[in-house]
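**Q** Below is the file entry_7.cif, which contains mmCIF, C-alpha atoms and all ligand atoms.
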```cif
data_model
#
loop_
_atom_site.label_atom_id
_atom_site.label_comp_id
_atom_site.auth_asym_id
_atom_site.auth_seq_id
_atom_site.Cartn_x
_atom_site.Cartn_y
_atom_site.Cartn_z
CA MET A 1 93.45 90.99 113.83
CA LYS A 2 97.16 91.68 113.72
CA THR A 3 97.48 93.83 110.62
CA PHE A 4 101.17 93.28 109.93
CA THR A 5 100.86 89.55 110.54
CA SER A 6 98.01 89.32 108.04
CA MET A 7 99.81 91.52 105.51
CA HIS A 8 102.85 89.31 105.88
CA GLU A 9 100.81 86.15 105.39
CA TYR A 10 99.31 87.31 102.08
CA ASN A 11 102.43 89.34 101.21
CA HIS A 12 100.70 92.72 100.84
CA GLU A 13 102.61 95.87 100.02
CA GLU A 14 100.43 98.50 101.65
CA VAL A 15 97.17 98.93 103.56
CA ILE A 16 95.59 102.36 103.97
CA PHE A 17 92.97 103.10 106.64
CA CYS A 18 90.79 106.10 105.65
CA GLN A 19 88.71 108.01 108.20
CA ASP A 20 86.64 111.17 107.78
CA ARG A 21 84.54 112.20 110.77
CA ASP A 22 82.27 114.62 108.91
CA SER A 23 81.13 112.21 106.20
CA GLY A 24 81.34 109.13 108.42
CA LEU A 25 83.74 107.46 105.98
CA ARG A 26 85.58 104.42 107.28
CA ALA A 27 87.37 102.64 104.47
CA ILE A 28 90.34 100.36 103.96
CA ILE A 29 92.36 100.27 100.75
CA ALA A 30 94.64 97.28 100.27
CA ILE A 31 97.41 97.24 97.70
CA HIS A 32 98.59 93.68 97.34
CA ASP A 33 101.17 93.63 94.57
CA THR A 34 102.25 96.22 92.01
CA THR A 35 104.87 94.19 90.15
CA LEU A 36 102.88 94.47 86.93
CA GLY A 37 101.51 97.98 87.35
CA PRO A 38 99.20 100.07 89.52
CA ALA A 39 96.81 98.13 91.73
CA LEU A 40 93.33 97.90 90.26
CA GLY A 41 90.24 96.64 92.04
CA GLY A 42 86.68 97.63 92.87
CA THR A 43 85.35 99.31 95.99
CA ARG A 44 82.97 97.19 98.05
CA MET A 45 80.52 98.71 100.53
CA TRP A 46 79.28 96.31 103.18
CA PRO A 47 77.95 96.49 106.77
CA TYR A 48 80.88 94.51 108.15
CA LYS A 49 80.29 93.32 111.70
CA SER A 50 83.80 94.24 112.74
CA GLU A 51 86.93 96.00 111.51
CA ASP A 52 88.69 92.63 111.46
CA GLU A 53 86.08 91.25 109.09
CA ALA A 54 86.53 94.25 106.77
CA LEU A 55 90.30 93.93 106.85
CA GLU A 56 90.19 90.20 106.17
CA ASP A 57 87.88 90.76 103.20
CA VAL A 58 89.96 93.53 101.63
CA LEU A 59 93.18 91.55 102.02
CA ARG A 60 91.66 88.43 100.46
CA LEU A 61 89.99 90.31 97.59
CA SER A 62 93.01 92.44 96.71
CA ARG A 63 95.21 89.36 96.51
CA GLY A 64 92.67 87.79 94.18
CA MET A 65 92.95 90.82 91.90
CA THR A 66 96.72 90.34 91.58
CA TYR A 67 96.11 86.84 90.23
CA LYS A 68 93.26 87.93 88.00
CA SER A 69 95.23 90.72 86.32
CA ALA A 70 98.36 88.61 86.01
CA ALA A 71 96.50 85.71 84.38
CA ALA A 72 94.67 88.09 82.04
CA GLY A 73 98.02 89.39 80.76
CA LEU A 74 97.32 92.92 81.97
CA ASN A 75 99.97 95.31 83.21
CA LEU A 76 98.07 95.92 86.42
CA GLY A 77 98.55 94.93 90.01
CA GLY A 78 96.05 93.78 92.61
CA GLY A 79 94.14 96.06 94.95
CA LYS A 80 90.72 96.47 96.49
CA ALA A 81 88.90 98.87 98.80
CA VAL A 82 86.13 98.32 101.32
CA ILE A 83 83.89 100.95 102.82
CA ILE A 84 82.35 99.94 106.14
CA GLY A 85 78.67 100.87 105.99
CA ASP A 86 75.21 99.89 104.89
CA PRO A 87 74.80 100.52 101.14
CA GLN A 88 71.04 100.93 101.60
CA ARG A 89 71.38 103.61 104.28
CA ASP A 90 74.80 105.22 104.50
CA LYS A 91 75.54 106.42 100.96
CA ASN A 92 75.85 110.08 100.10
CA GLU A 93 77.84 112.38 97.86
CA ILE A 94 80.21 113.58 100.57
CA LEU A 95 81.13 110.08 101.68
CA PHE A 96 82.14 109.03 98.17
CA ARG A 97 83.90 112.31 97.46
CA ALA A 98 85.87 111.89 100.69
CA PHE A 99 86.75 108.38 99.57
CA GLY A 100 87.74 109.76 96.15
CA ARG A 101 90.17 112.16 97.83
CA PHE A 102 91.89 109.30 99.64
CA VAL A 103 92.17 107.42 96.34
CA HIS A 104 93.59 110.56 94.73
CA GLY A 105 96.19 110.78 97.50
CA LEU A 106 97.63 107.51 96.21
CA ASN A 107 98.46 109.26 92.96
CA GLY A 108 97.46 106.44 90.61
CA ARG A 109 98.99 103.66 92.68
CA PHE A 110 95.42 102.41 93.24
CA ILE A 111 92.64 102.55 90.64
CA THR A 112 89.09 101.62 91.50
CA GLY A 113 85.53 101.12 90.27
CA GLU A 114 82.22 99.50 91.27
CA ASP A 115 81.86 96.33 93.28
CA VAL A 116 79.27 94.70 95.55
CA GLY A 117 77.31 97.44 97.33
CA THR A 118 78.55 100.29 95.12
CA GLU A 119 77.14 101.48 91.83
CA VAL A 120 77.90 103.80 88.96
CA ASN A 121 76.50 106.91 90.70
CA ASP A 122 78.77 106.38 93.70
CA MET A 123 81.75 106.18 91.37
CA VAL A 124 80.66 109.33 89.61
CA TRP A 125 80.89 111.10 93.00
CA ALA A 126 84.34 109.61 93.68
CA LYS A 127 85.47 110.65 90.20
CA MET A 128 84.73 114.28 91.06
CA GLU A 129 87.84 114.10 93.26
CA THR A 130 90.16 111.84 91.29
CA PRO A 131 90.69 110.53 87.76
CA TRP A 132 91.63 107.12 89.22
CA VAL A 133 88.10 105.75 88.95
CA LEU A 134 87.00 103.50 86.08
CA GLY A 135 83.77 101.94 84.88
CA VAL A 136 81.70 105.13 84.83
CA PRO A 137 79.04 105.63 82.11
CA GLU A 138 80.13 106.09 78.51
CA ILE A 139 78.60 109.55 78.44
CA ILE A 140 81.22 110.80 80.90
CA GLY A 141 84.14 109.02 79.28
CA GLY A 142 83.86 105.58 80.86
CA SER A 143 83.40 102.14 79.36
CA GLY A 144 79.81 101.54 80.52
CA ASP A 145 78.29 98.10 81.06
CA PRO A 146 81.08 95.48 81.07
CA SER A 147 78.83 92.44 80.87
CA PRO A 148 78.79 91.96 77.05
CA ILE A 149 82.61 91.84 77.16
CA THR A 150 82.59 89.48 80.15
CA ALA A 151 80.17 87.22 78.29
CA ARG A 152 82.37 87.33 75.18
CA GLY A 153 85.33 86.19 77.29
CA VAL A 154 83.27 83.37 78.83
CA TYR A 155 82.14 82.28 75.36
CA PHE A 156 85.73 82.07 74.12
CA GLY A 157 86.83 80.35 77.33
CA LEU A 158 84.08 77.80 76.77
CA LYS A 159 85.47 77.11 73.32
CA ALA A 160 88.89 76.34 74.81
CA CYS A 161 87.24 73.92 77.26
CA CYS A 162 85.23 72.22 74.51
CA GLU A 163 88.34 71.75 72.43
CA ALA A 164 90.07 70.11 75.39
CA VAL A 165 87.15 67.80 76.22
CA PHE A 166 85.39 67.15 72.92
CA ASP A 167 88.21 67.88 70.44
CA SER A 168 85.98 70.52 68.88
CA ALA A 169 85.35 74.15 69.73
CA SER A 170 81.99 74.12 68.00
CA MET A 171 78.90 74.88 70.07
CA ARG A 172 76.53 73.40 67.53
CA ASN A 173 74.00 71.12 69.28
CA ARG A 174 75.97 71.32 72.56
CA LYS A 175 73.64 71.09 75.55
CA ILE A 176 74.43 73.94 77.92
CA ALA A 177 72.75 74.76 81.25
CA ILE A 178 73.03 78.41 82.30
CA GLN A 179 72.37 79.40 85.90
CA GLY A 180 71.40 83.08 85.99
CA VAL A 181 70.45 84.97 82.85
CA GLY A 182 70.92 88.51 84.12
CA HIS A 183 73.57 90.57 82.39
CA VAL A 184 76.39 88.12 81.68
CA GLY A 185 74.18 85.02 81.39
CA TYR A 186 71.85 86.66 78.87
CA TYR A 187 74.64 87.85 76.56
CA LEU A 188 76.35 84.48 76.86
CA ALA A 189 73.10 82.74 75.91
CA GLY A 190 72.93 84.99 72.84
CA PHE A 191 76.43 84.04 71.63
CA LEU A 192 75.77 80.34 72.22
CA HIS A 193 72.37 80.37 70.53
CA LYS A 194 73.84 82.05 67.47
CA GLU A 195 76.19 79.10 67.12
CA GLY A 196 73.46 76.49 67.43
CA ALA A 197 73.74 75.40 71.09
CA LYS A 198 70.75 73.89 72.92
CA LEU A 199 70.17 75.99 76.01
CA PHE A 200 68.62 75.22 79.42
CA VAL A 201 68.23 78.31 81.56
CA THR A 202 67.16 79.22 85.04
CA ASP A 203 66.81 82.44 87.00
CA ILE A 204 64.85 83.53 90.04
CA HIS A 205 63.42 86.31 87.85
CA LYS A 206 60.92 84.53 85.60
CA ASP A 207 60.82 87.38 83.06
CA ARG A 208 64.54 86.88 82.39
CA VAL A 209 63.97 83.19 81.74
CA ARG A 210 61.04 84.00 79.46
CA ARG A 211 63.22 86.37 77.43
CA CYS A 212 65.69 83.52 76.73
CA VAL A 213 62.90 81.08 75.87
CA GLU A 214 61.41 83.55 73.39
CA GLU A 215 64.63 84.88 71.86
CA PHE A 216 66.85 81.79 71.92
CA GLY A 217 64.43 78.86 72.08
CA ALA A 218 65.89 77.93 75.48
CA THR A 219 64.26 75.37 77.77
CA ALA A 220 63.21 76.84 81.14
CA VAL A 221 64.37 74.94 84.22
CA ASP A 222 63.43 75.42 87.89
CA SER A 223 66.22 77.03 89.92
CA ASP A 224 66.86 74.03 92.15
CA LYS A 225 66.82 71.59 89.19
CA ILE A 226 69.58 73.21 87.15
CA TYR A 227 72.28 70.95 88.67
CA ASP A 228 70.42 67.83 87.48
CA VAL A 229 70.04 68.82 83.82
CA ASP A 230 71.56 66.32 81.43
CA ALA A 231 73.82 68.91 79.79
CA GLU A 232 77.44 68.70 78.65
CA ILE A 233 78.26 72.13 80.03
CA PHE A 234 77.17 73.94 83.17
CA ALA A 235 77.64 77.72 83.05
CA PRO A 236 77.22 79.40 86.46
CA CYS A 237 76.38 83.06 85.87
CA ALA A 238 74.63 83.98 89.12
CA LEU A 239 76.00 83.32 92.57
CA GLY A 240 79.20 82.15 94.24
CA ALA A 241 79.79 78.91 96.20
CA ILE A 242 77.37 76.93 94.02
CA ILE A 243 79.89 74.13 93.52
CA ASN A 244 79.81 72.41 96.89
CA ASP A 245 79.63 68.95 98.48
CA GLU A 246 76.00 68.53 97.46
CA THR A 247 76.03 69.91 93.89
CA VAL A 248 79.25 68.17 92.81
CA GLN A 249 77.45 64.84 93.28
CA ARG A 250 74.47 65.97 91.20
CA LEU A 251 76.23 67.50 88.20
CA LYS A 252 76.21 65.41 85.01
CA CYS A 253 78.25 67.80 82.89
CA LYS A 254 81.78 67.43 81.52
CA ILE A 255 82.63 71.14 81.77
CA ILE A 256 81.90 73.91 84.28
CA ALA A 257 82.56 77.30 82.74
CA GLY A 258 80.67 80.48 83.56
CA GLY A 259 80.94 84.11 84.57
CA ALA A 260 80.11 83.95 88.30
CA ASN A 261 82.74 84.85 90.87
CA ASN A 262 83.94 82.41 93.55
CA GLN A 263 82.11 79.41 92.09
CA LEU A 264 83.82 76.82 94.29
CA ALA A 265 82.68 76.81 97.93
CA ASP A 266 86.14 75.52 98.85
CA GLU A 267 88.73 76.21 96.19
CA ILE A 268 91.06 73.33 97.01
CA LYS A 269 88.60 70.67 98.12
CA HIS A 270 86.02 71.16 95.37
CA GLY A 271 88.67 71.75 92.71
CA ARG A 272 90.04 68.31 93.54
CA MET A 273 86.58 66.71 93.66
CA LEU A 274 85.83 68.01 90.17
CA MET A 275 89.13 66.70 88.89
CA GLU A 276 88.35 63.26 90.33
CA LYS A 277 84.95 63.33 88.64
CA LYS A 278 86.70 64.25 85.37
CA ILE A 279 84.78 67.51 85.10
CA LEU A 280 86.85 70.26 83.53
CA TYR A 281 86.52 73.44 85.58
CA ALA A 282 87.40 76.79 83.98
CA PRO A 283 88.83 78.85 86.89
CA ASP A 284 86.35 81.67 87.46
CA TYR A 285 88.84 84.51 87.72
CA VAL A 286 90.35 83.50 84.37
CA ILE A 287 87.18 82.98 82.37
CA ASN A 288 85.34 86.04 83.73
CA ALA A 289 88.26 88.48 83.26
CA GLY A 290 86.51 90.22 80.33
CA GLY A 291 85.04 92.84 82.67
CA LEU A 292 88.48 93.65 84.00
CA ILE A 293 89.95 93.73 80.48
CA ASN A 294 87.14 96.12 79.60
CA VAL A 295 87.85 98.68 82.34
CA ALA A 296 91.60 98.36 81.88
CA ASN A 297 91.00 99.58 78.33
CA GLU A 298 89.74 102.89 79.71
CA LEU A 299 93.30 103.67 80.76
CA GLU A 300 94.38 103.79 77.13
CA GLY A 301 91.38 105.54 75.65
CA TYR A 302 88.40 103.25 75.42
CA HIS A 303 87.37 101.39 72.28
CA ARG A 304 84.62 98.79 72.70
CA GLU A 305 85.69 96.79 69.64
CA LYS A 306 89.23 96.55 70.97
CA ALA A 307 88.02 95.44 74.41
CA LEU A 308 85.81 92.78 72.79
CA LYS A 309 88.76 91.50 70.77
CA GLU A 310 91.04 91.43 73.81
CA ALA A 311 88.49 89.42 75.79
CA GLU A 312 88.83 86.71 73.15
CA SER A 313 92.40 86.12 74.42
CA ILE A 314 90.79 84.21 77.30
CA TYR A 315 90.62 81.32 74.81
CA SER A 316 94.40 80.97 74.54
CA THR A 317 94.97 81.68 78.26
CA LEU A 318 92.62 78.88 79.24
CA LYS A 319 94.22 76.50 76.77
CA LYS A 320 97.59 77.11 78.43
CA ILE A 321 96.11 76.60 81.90
CA ILE A 322 94.38 73.36 80.89
CA GLU A 323 97.69 72.16 79.46
CA ILE A 324 99.54 72.93 82.74
CA ALA A 325 96.84 71.11 84.71
CA ARG A 326 97.15 68.04 82.48
CA GLN A 327 100.93 67.99 82.49
CA GLU A 328 101.21 68.45 86.25
CA ASN A 329 98.09 66.37 87.03
CA ILE A 330 96.65 69.15 89.21
CA PRO A 331 93.23 70.86 89.31
CA THR A 332 92.82 73.74 86.89
CA GLY A 333 92.44 76.21 89.78
CA GLU A 334 95.91 75.34 91.02
CA ALA A 335 97.23 75.50 87.45
CA SER A 336 95.85 79.01 86.96
CA ASN A 337 97.49 80.19 90.19
CA ARG A 338 100.81 78.82 88.98
CA PHE A 339 100.30 80.44 85.58
CA ALA A 340 99.71 83.85 87.22
CA GLU A 341 102.60 83.46 89.67
CA HIS A 342 104.94 82.52 86.84
CA ARG A 343 104.14 85.74 84.97
CA LEU A 344 104.62 87.79 88.16
CA GLU A 345 108.00 86.17 88.80
CA GLN A 346 109.17 86.68 85.22
CA VAL A 347 108.20 90.35 85.14
CA ALA A 348 109.67 90.93 88.62
CA LYS A 349 113.01 89.65 87.29
CA LEU A 350 112.73 91.82 84.19
CA ILE A 351 112.10 95.07 86.05
CA ARG A 352 115.30 94.62 88.05
CA MET A 353 117.13 95.87 84.96
CA HIS A 354 117.74 99.58 85.36
CA VAL A 355 116.61 101.81 82.51
CA ILE A 356 115.75 105.49 82.48
CA SER A 357 112.04 106.05 83.33
CA MET A 358 111.72 102.38 83.97
CA PRO A 359 108.24 102.44 85.45
CA ARG A 360 106.81 104.02 82.31
CA GLN A 361 108.70 102.03 79.76
CA ILE A 362 108.31 98.65 81.31
CA ARG A 363 105.14 98.78 83.26
CA GLY A 364 102.94 101.26 81.61
CA GLU A 365 104.19 102.53 78.32
CA ARG A 366 100.71 102.05 76.90
CA TYR A 367 99.18 104.07 79.71
CA ALA A 368 99.10 107.76 80.31
CA TRP A 369 100.61 108.10 83.78
P1 LIG A 401 73.15 90.03 87.34
O1 LIG A 401 72.67 90.38 88.70
O2 LIG A 401 72.78 90.89 86.19
O3 LIG A 401 72.71 88.53 86.97
C1 LIG A 401 72.68 87.50 87.90
C2 LIG A 401 71.38 86.76 87.69
O4 LIG A 401 71.37 85.61 88.53
C3 LIG A 401 70.15 87.58 88.06
O5 LIG A 401 69.26 87.61 86.96
C4 LIG A 401 69.57 86.85 89.26
O6 LIG A 401 68.17 86.90 89.32
C5 LIG A 401 70.05 85.45 89.02
N1 LIG A 401 70.09 84.61 90.23
C6 LIG A 401 70.38 84.97 91.50
N2 LIG A 401 70.27 83.91 92.30
C7 LIG A 401 69.90 82.87 91.54
C8 LIG A 401 69.63 81.51 91.81
N3 LIG A 401 69.70 81.01 93.02
N4 LIG A 401 69.28 80.71 90.76
C9 LIG A 401 69.18 81.21 89.51
N5 LIG A 401 69.42 82.50 89.21
C10 LIG A 401 69.78 83.31 90.20
O7 LIG A 401 74.74 89.89 87.49
P2 LIG A 401 75.81 89.82 86.32
O8 LIG A 401 76.42 91.14 86.13
O9 LIG A 401 75.25 89.09 85.16
O10 LIG A 401 76.91 88.91 87.02
C11 LIG A 401 76.71 87.53 87.18
C12 LIG A 401 77.91 86.92 87.91
O11 LIG A 401 79.09 87.16 87.17
C13 LIG A 401 78.15 87.49 89.30
O12 LIG A 401 78.69 86.46 90.11
C14 LIG A 401 79.21 88.55 89.05
O13 LIG A 401 79.98 88.79 90.21
C15 LIG A 401 80.03 87.86 87.99
N6 LIG A 401 80.79 88.78 87.13
C16 LIG A 401 80.13 89.72 86.38
C17 LIG A 401 80.86 90.56 85.55
C18 LIG A 401 80.17 91.59 84.70
O14 LIG A 401 80.79 92.12 83.78
N7 LIG A 401 78.91 91.89 84.94
C19 LIG A 401 82.26 90.45 85.48
C20 LIG A 401 82.91 89.47 86.22
C21 LIG A 401 82.16 88.63 87.04
#
```
Can you give me the file's structure in the form of structure tokens?
Ligand code: NAD
**A**
Amino acid sequence: MKTFTSMHEYNHEEVIFCQDRDSGLRAIIAIHDTTLGPALGGTRMWPYKSEDEALEDVLRLSRGMTYKSAAAGLNLGGGKAVIIGDPQRDKNEILFRAFGRFVHGLNGRFITGEDVGTEVNDMVWAKMETPWVLGVPEIIGGSGDPSPITARGVYFGLKACCEAVFDSASMRNRKIAIQGVGHVGYYLAGFLHKEGAKLFVTDIHKDRVRRCVEEFGATAVDSDKIYDVDAEIFAPCALGAIINDETVQRLKCKIIAGGANNQLADEIKHGRMLMEKKILYAPDYVINAGGLINVANELEGYHREKALKEAESIYSTLKKIIEIARQENIPTGEASNRFAEHRLEQVAKLIRMHVISMPRQIRGERYAW
């Protein structure tokens, strides 16, 4: 892969290749855009088949983080890191501490946390070398499990969708099918049950389904039947790429809104297919931003109640995005990209004005750097 060509294509600011022979660390940190603030994004560990594959992934993911932060109204830019290695085999303290030192070398320009293939303990090792690591356990000053906040954001996003489709934000007697009742799905089911929704749930772990049946009176559904449930809302809270050529035809719902990442197998094609079928799709990176809002709160001194409240702002963000989609007659995914780009452009214009200590006052006055 031609690195500069790819950086140019996605418009990245900086890509850092990290190598440490003793620990075996091979990592790439990509900083996509810091218009709004320091680049924030998780660190993924994956046995990439090639360096090109790792680079492609980190460039794509870091760009996604720029959009996610911008749409969430955060003063953070987009970044991501990948460590090339097998998470089952290659993890050790020295590797993550070496990685932490590279992160520290960026002096707060990149802030990271867990992602696929990395976990809290790995981040605890990285944090020994740098303060620019978030999402560690509460006991050592972090924000802990983000999933209740993510679920809260999804719940409020769902309300915005219901208002747009049914002229009512109430969940009472709404039939909602949830795919995956792990962390996010379970908390979401709890919020919805409390408001009187009728739940249909599936999970490959039967004990997780049973918990929802017992606690929330949910109806258990086989994993491969969840797309056929006669529900008004489908909430994907498990895997990515579950909206594809096959499932779009099967879905009977009017709304797709859930916490899973990368729900559309093909963003453009399936976004348009859903629009044609008159199914309202809540763009995943907008509706599941509660986790990001949660860790961003750590930068200001963490308060769970405040993070929960802030995640509720996903309601008004989604309402604006749905409005853009309707006015412009475009899929909601395209509308959310425009919404994020608009904020980036507006702030980029604003920070051209020279003031003393501009970076602090404009970008991060609420933060401690
Ligand atoms: P989790 O692993 O706790 O829950 C996912 C659940 O989906 C598991 O219980 C799993 O058994 C189930 N599952 C997997 N394959 C399935 C299938 N084919 N059919 C039915 N169920 C299946 O993960 P989570 O933290 O709840 O995250 C769920 C999704 O939300 C993921 O896509 C994640 O990337 C995304 N997300 C999570 C957060 C967060 O705060 N945890 C934030 C943003 C996005």
**Q** Select, from A:Arg343, A:Lys175, A:Arg44, A:His104, the residue with the minimum atom-to-atom distance to ligand LIG 401 (chain A), counting all atoms listed in the file.
**A**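 Of all the options, A:Arg44 lies closest to ligand LIG 401 (chain A).
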**Q** Find, counting only C-alpha atoms, the residue in A:Asn262, A:Gln346, A:Ser143, A:Asn107 that gets nearest to Glu305 in chain A.
**A**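 Distance minimum relative to Glu305 in chain A lands on A:Ser143.
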**Q** Would you mind listing, for every residue of range 89-172 of chain A within 12 Å of range 326-335 of chain A, the two atoms forming the shortest contact and the distance between them in Å to one decimal, using all atoms listed in the file, sorted by chain and ascending residue number, as a tab-separated table?
**A**
```
residue	atom	partner	partner_atom	distance
A:Cys161	CA	A:Thr332	CA	11.1
A:Ala164	CA	A:Arg326	CA	10.2
A:Val165	CA	A:Arg326	CA	11.8
```
**Q** Can you pull out every residue within 7 Å of range 136-140 of chain A, counting only C-alpha atoms, but drop anything in the same chain fewer than 5 positions away, and send it as a PyMOL selection string?
**A** chain A and resi 120+123-124
**Q** Could those residues be written to a file, using C-alpha atoms, as a PDB file, keeping the file's coordinate frame?
**A**
```pdb
ATOM      1  CA  VAL A 120      77.900 103.800  88.960  1.00  0.00           C
ATOM      2  CA  MET A 123      81.750 106.180  91.370  1.00  0.00           C
ATOM      3  CA  VAL A 124      80.660 109.330  89.610  1.00  0.00           C
TER       4      VAL A 124
END
```
**Q** Residues contacting ligand LIG 401 (chain A) - anything with an atom at most 7 Å away, using all atoms listed in the file - can you give me those as a list in words?
**A**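 The residues within 7 Å of ligand LIG 401 (chain A), counting all atoms listed in the file, are Pro146, Ser147, Ile149, Thr150, Gln179, Gly180, Val181, Gly182, His183, Val184, Gly185, Thr202, Asp203, Ile204, His205, Arg208, Ser223, Cys237, Ala238, Leu239, Gly240, Gly259, Ala260, Asn261, Asn288, Ala289, Gly290 and Gly291 of chain A.
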**Q** Find, counting all atoms listed in the file, the residue in A:His8, A:His270, A:Lys91, A:Lys198 that gets nearest to Glu246 in chain A.
**A** A:His270
**Q** Find the residues around range 53-68 of chain A up to 6 Å (all atoms listed in the file counted), leave out those fewer than 2 positions away in its own chain, and share them as a PyMOL selection string.
**A** chain A and resi 32+48+50-51+70-71+77-80+285+340
**Q** Please compute the CA of Glu310 in chain A-CA of Lys349 in chain A distance, one decimal, in Å.
**A**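 Straight-line distance from CA of Glu310 in chain A to CA of Lys349 in chain A works out to 25.8 Å.
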**Q** Measuring atom to atom with only C-alpha atoms, identify which of A:Gly142, A:Pro87, A:Gly42, A:Gly258 is nearest to Leu158 in chain A.
**A**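 Closest to Leu158 in chain A of all the choices is A:Gly258.
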**Q** Determine the nearest neighbour of Ala27 in chain A from the options A:Gly141, A:Pro236, A:Gly85, A:Gly73, counting all atoms listed in the file.
**A** A:Gly85
**Q** Looking at A:Ile16, A:Val213, A:Gln263, A:Leu199, which one is nearest to Glu232 in chain A, with distances taken over only C-alpha atoms?
**A**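 Under the stated criterion, the closest residue is A:Leu199.
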